[in-house]
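Below is coords-v6.cif, holding mmCIF, C-alpha atoms.
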```
data_run
#
loop_
_atom_site.label_atom_id
_atom_site.label_comp_id
_atom_site.auth_asym_id
_atom_site.auth_seq_id
_atom_site.Cartn_x
_atom_site.Cartn_y
_atom_site.Cartn_z
CA MET E 5 0.00 0.00 0.00
CA ASN E 6 1.34 3.44 -0.97
CA LEU E 7 0.85 5.27 2.31
CA THR E 8 1.74 8.72 0.96
CA THR E 9 -0.98 8.56 -1.68
CA LEU E 10 -3.56 7.18 0.72
CA ILE E 11 -2.66 9.72 3.42
CA GLY E 12 -2.78 12.52 0.86
CA ILE E 13 -6.25 11.59 -0.37
CA LEU E 14 -7.67 11.03 3.11
CA SER E 15 -6.09 14.15 4.61
CA GLY E 16 -7.21 16.29 1.67
CA PHE E 17 -10.84 15.29 1.96
CA GLY E 18 -10.51 15.34 5.75
CA ILE E 19 -9.37 18.97 5.70
CA VAL E 20 -12.35 19.95 3.56
CA ILE E 21 -14.78 18.06 5.79
CA GLY E 22 -13.17 19.55 8.89
CA ALA E 23 -13.53 23.05 7.46
CA ILE E 24 -17.21 22.33 6.80
CA PHE E 25 -17.76 21.19 10.37
CA LEU E 26 -16.00 24.26 11.76
CA SER E 27 -17.74 26.79 9.53
CA SER E 28 -21.30 25.50 9.22
CA ASN E 29 -24.19 25.11 11.61
CA ASN E 30 -25.82 22.51 9.39
CA VAL E 31 -23.25 20.09 7.95
CA ALA E 32 -25.91 18.10 6.10
CA ASP E 33 -26.35 21.01 3.67
CA TYR E 34 -22.97 20.16 2.11
CA PHE E 35 -23.97 16.60 1.25
CA ASN E 36 -26.27 16.76 -1.74
CA LEU E 37 -26.85 13.50 -3.59
CA PRO E 38 -28.30 15.04 -6.81
CA SER E 39 -25.27 17.35 -7.05
CA LEU E 40 -22.83 14.48 -6.62
CA PHE E 41 -24.76 12.36 -9.10
CA LEU E 42 -24.68 15.17 -11.67
CA VAL E 43 -20.94 15.80 -11.36
CA LEU E 44 -19.80 12.17 -11.19
CA GLY E 45 -22.34 10.87 -13.68
CA GLY E 46 -21.68 13.67 -16.13
CA THR E 47 -17.92 13.25 -15.86
CA ILE E 48 -18.11 9.50 -16.46
CA ALA E 49 -20.56 9.95 -19.35
CA ALA E 50 -18.33 12.53 -21.06
CA THR E 51 -15.30 10.31 -20.53
CA LEU E 52 -17.15 7.39 -22.14
CA ILE E 53 -17.85 9.58 -25.15
CA SER E 54 -14.19 10.58 -25.37
CA TYR E 55 -12.57 7.16 -24.91
CA PRO E 56 -13.34 3.52 -25.77
CA LEU E 57 -15.10 1.51 -23.07
CA ASN E 58 -12.12 -0.77 -22.37
CA GLU E 59 -9.87 2.24 -21.67
CA VAL E 60 -12.41 3.80 -19.31
CA LEU E 61 -12.84 0.52 -17.42
CA ARG E 62 -9.06 0.40 -17.02
CA VAL E 63 -9.34 3.52 -14.86
CA PHE E 64 -10.30 1.38 -11.86
CA ARG E 65 -7.22 -0.81 -12.31
CA ILE E 66 -5.04 2.29 -12.67
CA PHE E 67 -6.44 3.73 -9.45
CA ALA E 68 -5.49 0.50 -7.67
CA ILE E 69 -1.94 0.87 -9.06
CA VAL E 70 -1.73 4.39 -7.64
CA LEU E 71 -2.70 3.12 -4.19
CA ARG E 72 -0.24 0.24 -4.39
CA ASN E 73 3.37 0.83 -3.31
CA GLU E 74 4.90 -0.34 -6.57
CA ARG E 75 8.66 -0.87 -6.48
CA LEU E 76 10.93 -0.72 -9.53
CA TYR E 77 13.58 -3.20 -8.26
CA ALA E 78 16.38 -1.39 -10.12
CA GLU E 79 19.07 -2.82 -7.83
CA ARG E 80 17.81 -6.34 -8.42
CA ASP E 81 17.82 -5.77 -12.19
CA ILE E 82 21.42 -4.52 -12.05
CA ALA E 83 22.50 -7.58 -10.07
CA GLU E 84 20.79 -10.00 -12.48
CA LEU E 85 22.25 -8.27 -15.53
CA VAL E 86 25.75 -8.30 -14.07
CA GLU E 87 25.46 -12.03 -13.29
CA VAL E 88 24.56 -12.85 -16.89
CA ALA E 89 27.27 -10.49 -18.19
CA LYS E 90 29.84 -12.19 -15.94
CA LEU E 91 28.98 -15.64 -17.30
CA LYS E 92 29.06 -14.38 -20.88
CA PHE E 93 32.38 -12.57 -20.26
CA GLN E 94 33.83 -15.87 -18.99
CA GLY E 95 32.50 -17.74 -22.04
CA GLU E 96 29.99 -19.83 -20.07
CA ILE E 97 27.10 -19.31 -22.49
CA ASN E 98 25.11 -22.34 -21.31
CA ARG E 99 25.13 -21.14 -17.70
CA ALA E 100 24.26 -17.65 -18.93
CA ASP E 101 21.20 -19.10 -20.71
CA GLU E 102 20.14 -20.83 -17.49
CA LYS E 103 20.56 -17.63 -15.51
CA LEU E 104 18.64 -15.73 -18.17
CA SER E 105 15.49 -17.79 -17.56
CA ARG E 106 15.44 -16.62 -13.94
CA ILE E 107 15.53 -12.88 -14.74
CA LYS E 108 12.24 -11.44 -13.43
CA ASN E 109 12.17 -8.25 -15.52
CA PRO E 110 10.75 -9.20 -18.97
CA PHE E 111 12.28 -6.12 -20.62
CA LEU E 112 15.75 -6.98 -19.31
CA ARG E 113 15.25 -10.63 -20.20
CA THR E 114 14.45 -9.68 -23.80
CA GLY E 115 17.58 -7.54 -24.13
CA THR E 116 19.96 -10.08 -22.65
CA GLN E 117 18.39 -12.85 -24.74
CA MET E 118 19.11 -10.88 -27.91
CA VAL E 119 22.74 -10.39 -26.84
CA LEU E 120 23.20 -14.11 -26.17
CA ASP E 121 21.53 -14.90 -29.50
CA GLY E 122 24.06 -12.75 -31.34
CA ALA E 123 21.76 -9.95 -32.51
CA THR E 124 23.32 -6.79 -33.91
CA ASN E 125 23.62 -3.55 -31.96
CA GLU E 126 21.10 -1.87 -34.22
CA ASP E 127 18.49 -4.64 -33.84
CA ILE E 128 18.86 -4.67 -30.05
CA MET E 129 18.59 -0.90 -29.73
CA THR E 130 15.65 -0.68 -32.14
CA LEU E 131 13.59 -3.31 -30.34
CA LEU E 132 14.30 -2.04 -26.83
CA GLN E 133 13.64 1.59 -27.70
CA TRP E 134 10.40 0.54 -29.40
CA ARG E 135 9.36 -1.26 -26.21
CA ILE E 136 10.14 1.86 -24.16
CA GLY E 137 8.18 4.09 -26.54
CA ARG E 138 5.18 1.78 -26.51
CA MET E 139 5.12 1.60 -22.73
CA ARG E 140 5.47 5.37 -22.40
CA ALA E 141 2.66 6.04 -24.89
CA GLN E 142 0.30 3.58 -23.18
CA GLU E 143 0.88 4.94 -19.70
CA ARG E 144 0.62 8.56 -20.84
CA ALA E 145 -2.73 7.71 -22.41
CA GLU E 146 -3.86 6.28 -19.06
CA ALA E 147 -2.80 9.44 -17.24
CA GLN E 148 -4.56 11.53 -19.87
CA ILE E 149 -7.89 9.90 -18.97
CA PHE E 150 -7.60 11.35 -15.47
CA ARG E 151 -6.61 14.75 -16.88
CA THR E 152 -9.68 14.63 -19.08
CA MET E 153 -11.87 13.79 -16.09
CA ALA E 154 -10.29 16.70 -14.19
CA THR E 155 -11.41 18.96 -17.04
CA PHE E 156 -14.96 17.60 -17.18
CA ALA E 157 -15.70 17.64 -13.43
CA PRO E 158 -15.66 21.46 -12.94
CA ALA E 159 -17.61 21.87 -16.18
CA PHE E 160 -20.42 19.67 -14.89
CA GLY E 161 -20.19 21.54 -11.61
CA MET E 162 -20.96 24.73 -13.54
CA LEU E 163 -23.78 22.94 -15.33
CA GLY E 164 -25.30 22.08 -11.96
CA THR E 165 -24.92 25.71 -10.95
CA LEU E 166 -26.87 26.83 -14.01
CA LEU E 167 -29.60 24.26 -13.37
CA GLY E 168 -29.90 25.36 -9.75
CA LEU E 169 -30.11 29.04 -10.73
CA ILE E 170 -32.75 28.37 -13.37
CA ASN E 171 -34.85 26.41 -10.89
CA MET E 172 -34.34 29.13 -8.30
CA LEU E 173 -35.56 31.85 -10.65
CA HIS E 174 -38.70 29.83 -11.45
CA ALA E 175 -39.38 29.46 -7.72
CA MET E 176 -39.00 33.14 -6.83
CA ASP E 177 -42.54 33.84 -5.75
CA ALA E 178 -44.39 33.60 -2.46
CA ALA E 179 -45.87 30.17 -3.19
CA HIS E 180 -42.50 28.52 -3.83
CA PHE E 181 -40.22 30.59 -1.62
CA ALA E 182 -39.06 27.52 0.34
CA GLU E 183 -37.62 25.99 -2.83
CA ILE E 184 -35.16 28.84 -3.33
CA GLY E 185 -32.77 27.52 -0.66
CA THR E 186 -32.83 24.00 -2.11
CA ASN E 187 -32.11 25.21 -5.63
CA MET E 188 -29.39 27.57 -4.43
CA ALA E 189 -27.72 24.66 -2.63
CA LEU E 190 -27.75 22.66 -5.87
CA ALA E 191 -26.30 25.66 -7.69
CA LEU E 192 -23.33 26.07 -5.35
CA ILE E 193 -22.59 22.52 -4.17
CA THR E 194 -22.22 21.12 -7.70
CA THR E 195 -19.43 23.62 -8.35
CA LEU E 196 -17.84 22.64 -5.04
CA TYR E 197 -17.97 18.94 -5.91
CA GLY E 198 -16.55 19.53 -9.40
CA ILE E 199 -13.59 21.57 -8.17
CA LEU E 200 -12.92 19.19 -5.30
CA LEU E 201 -12.90 16.05 -7.44
CA ALA E 202 -10.77 17.65 -10.14
CA ASN E 203 -8.08 19.07 -7.85
CA MET E 204 -8.11 16.57 -5.00
CA LEU E 205 -8.43 13.34 -6.97
CA PHE E 206 -8.19 13.40 -10.77
CA LYS E 207 -5.25 15.79 -11.32
CA PRO E 208 -3.07 14.35 -8.52
CA ILE E 209 -3.61 10.83 -9.87
CA ALA E 210 -2.61 11.98 -13.36
CA LEU E 211 0.57 13.56 -12.00
CA LYS E 212 1.33 10.43 -9.97
CA LEU E 213 0.99 8.23 -13.06
CA GLU E 214 3.18 10.53 -15.16
CA ARG E 215 5.92 10.48 -12.54
CA ARG E 216 5.64 6.69 -12.29
CA THR E 217 6.08 6.47 -16.08
CA GLU E 218 9.22 8.62 -15.99
CA GLN E 219 10.68 6.43 -13.25
CA ARG E 220 9.98 3.30 -15.27
CA VAL E 221 11.50 4.85 -18.39
CA MET E 222 14.58 5.75 -16.37
CA VAL E 223 15.04 2.14 -15.25
CA MET E 224 14.42 0.80 -18.76
CA ASN E 225 16.99 3.17 -20.25
CA MET E 226 19.43 2.02 -17.60
CA MET E 227 18.81 -1.57 -18.67
CA VAL E 228 19.41 -0.62 -22.32
CA GLU E 229 22.78 0.83 -21.34
CA GLY E 230 23.67 -2.34 -19.47
CA VAL E 231 22.61 -4.59 -22.33
CA MET E 232 24.66 -2.58 -24.82
CA LEU E 233 27.71 -2.70 -22.54
CA MET E 234 27.33 -6.48 -22.33
CA GLN E 235 27.06 -6.60 -26.12
CA GLN E 236 30.37 -4.66 -26.29
CA GLN E 237 32.05 -7.30 -24.06
CA ARG E 238 32.73 -4.81 -21.27
CA SER E 239 33.73 -6.27 -17.91
CA PRO E 240 31.00 -7.06 -15.35
CA ALA E 241 32.62 -4.68 -12.83
CA PHE E 242 32.52 -1.83 -15.36
CA ILE E 243 28.87 -2.60 -16.16
CA ARG E 244 27.94 -2.58 -12.47
CA GLU E 245 29.67 0.73 -11.75
CA THR E 246 28.22 2.36 -14.86
CA LEU E 247 24.67 1.30 -14.07
CA GLN E 248 24.99 2.36 -10.42
CA SER E 249 26.18 5.77 -11.63
CA PHE E 250 23.34 5.92 -14.16
CA LEU E 251 20.79 5.07 -11.46
CA ALA E 252 22.06 7.72 -9.03
CA HIS E 253 22.25 10.35 -11.78
CA SER E 254 18.72 9.63 -13.04
CA GLU E 255 17.22 9.69 -9.54
CA ASP E 256 18.85 13.07 -8.93
CA GLU E 257 17.31 14.35 -12.17
CA LEU E 258 13.87 13.14 -11.12
CA ARG E 259 14.17 14.86 -7.75
CA GLU E 260 15.36 18.09 -9.36
CA THR E 261 12.54 17.95 -11.90
CA SER E 262 9.90 17.63 -9.15
CA HIS E 263 11.09 21.01 -7.80
CA SER E 264 11.49 22.70 -11.20
CA ASN E 265 9.01 24.66 -13.26
CA GLY E 266 7.48 21.70 -15.03
CA LYS E 267 10.50 20.63 -17.09
CA ARG E 268 10.54 16.92 -17.83
CA PRO E 269 13.58 14.81 -16.95
CA ALA E 270 16.03 13.89 -19.67
CA THR E 271 15.88 10.12 -19.31
CA GLY E 272 17.18 9.13 -22.73
CA ARG E 273 20.93 9.64 -22.17
CA SER E 274 23.50 7.94 -20.05
CA PRO E 275 25.90 9.80 -17.77
CA ARG E 276 28.78 7.85 -19.27
CA THR E 277 30.79 9.16 -22.20
CA ARG E 278 30.23 7.33 -25.44
#
```

What is this file in structure tokens?
Amino acid sequence: MNLTTLIGILSGFGIVIGAIFLSSNNVADYFNLPSLFLVLGGTIAATLISYPLNEVLRVFRIFAIVLRNERLYAERDIAELVEVAKLKFQGEINRADEKLSRIKNPFLRTGTQMVLDGATNEDIMTLLQWRIGRMRAQERAEAQIFRTMATFAPAFGMLGTLLGLINMLHAMDAAHFAEIGTNMALALITTLYGILLANMLFKPIALKLERRTEQRVMVMNMMVEGVMLMQQQRSPAFIRETLQSFLAHSEDELRETSHSNGKRPATGRSPRTR
């Protein structure tokens, strides 16, 4: 379980609820089922229009990924790559093949398999970079669904506001004076729900997924560097030190990027000199 994400979501909504309790004499006024139905239902409906059904249904799986404390296991990948490189460097190809079958990372397993099979540098690089590009495009599309929902939610909040104001204007006479408060609540609470869902849930999830993608791309690029070093018959010790340096350098870039003005990390280059 990713505690930071869970704590962030719970504390965010908790702060809002706490502010309601401290500032209102009637807390029940802030819980309006028609308003919530309009914002959530409208957002989901618009998202279904914008994306295929299978991609929208994947949103629930993605949300579970955000809550899960997913590890990248970069150190383990380095150790497994170095073990295979050591066996290949010593000419023990059969043992290298046996070790290859126990590599847990499928991307790394594909690269090392191509090296042991005698593929060319160009073929290895082309396939691995294509795999990275495909993964990045797929995960960016998943994050974009949440960005789209963050755009729709406030819009449907404004739609609820308009509906509430229209109903309120129709009720502005002595016979229906009691309905004015109900319609005014609908008008304001839908906007509140739309803004809250967009900025407390949908946008943070999109940012979380985008950062997760950049971290995965960083590890995959590191594996590409290691595979190419193994292809060049570099020593296992050199491969280990290079990948450790690559990992530290890339993590520093990710940390610096999180404090920058929205610049994306440069994950496509190695710190080593070619």

Would you kindly return, as a PyMOL selection string, each protein, DNA or RNA residue with an atom no farther than 12 Å from any atom of Ala157 of chain E, considering all atoms listed in the file and excluding same-chain residues fewer than 3 positions away?
-> chain E and resi 39-51+150-154+160-164+194-207

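Distance check against Gln219 of chain E using all atoms listed in the file: of E:Ile66, E:Leu131, E:Ile136, E:Ala159, the minimum falls on E:Ile136.
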
Carefully work through the PyMOL selection byres ((chain E and resi 117) around 12) for this structure and note down the residues it includes, as a ChimeraX atom specification.
-> /E:85,88-89,92,97,100-107,110-116,118-123,128,132,231,234-235

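Between atom CA of Glu87 of chain E and atom CA of Arg138 of chain E there is a distance of 27.9 Å.
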
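When the distance limit is 12 Å and all atoms listed in the file are what count, the residues near Phe64 of chain E, minus those fewer than 4 positions from it on the same chain, are Asn58, Glu59, Val60, Ala68, Ile69, Val70, Leu71, Glu146, Ile149, Phe150 and Ile209 of chain E.
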
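Note that the spacing between atom CA of Lys212 of chain E and atom CA of Gln148 of chain E amounts to 11.6 Å.
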
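Nearest-residue note for Val228 of chain E: choosing from E:Ile19, E:Ile170, E:Leu91, E:Leu247, the minimum distance belongs to E:Leu247, counting all atoms listed in the file.
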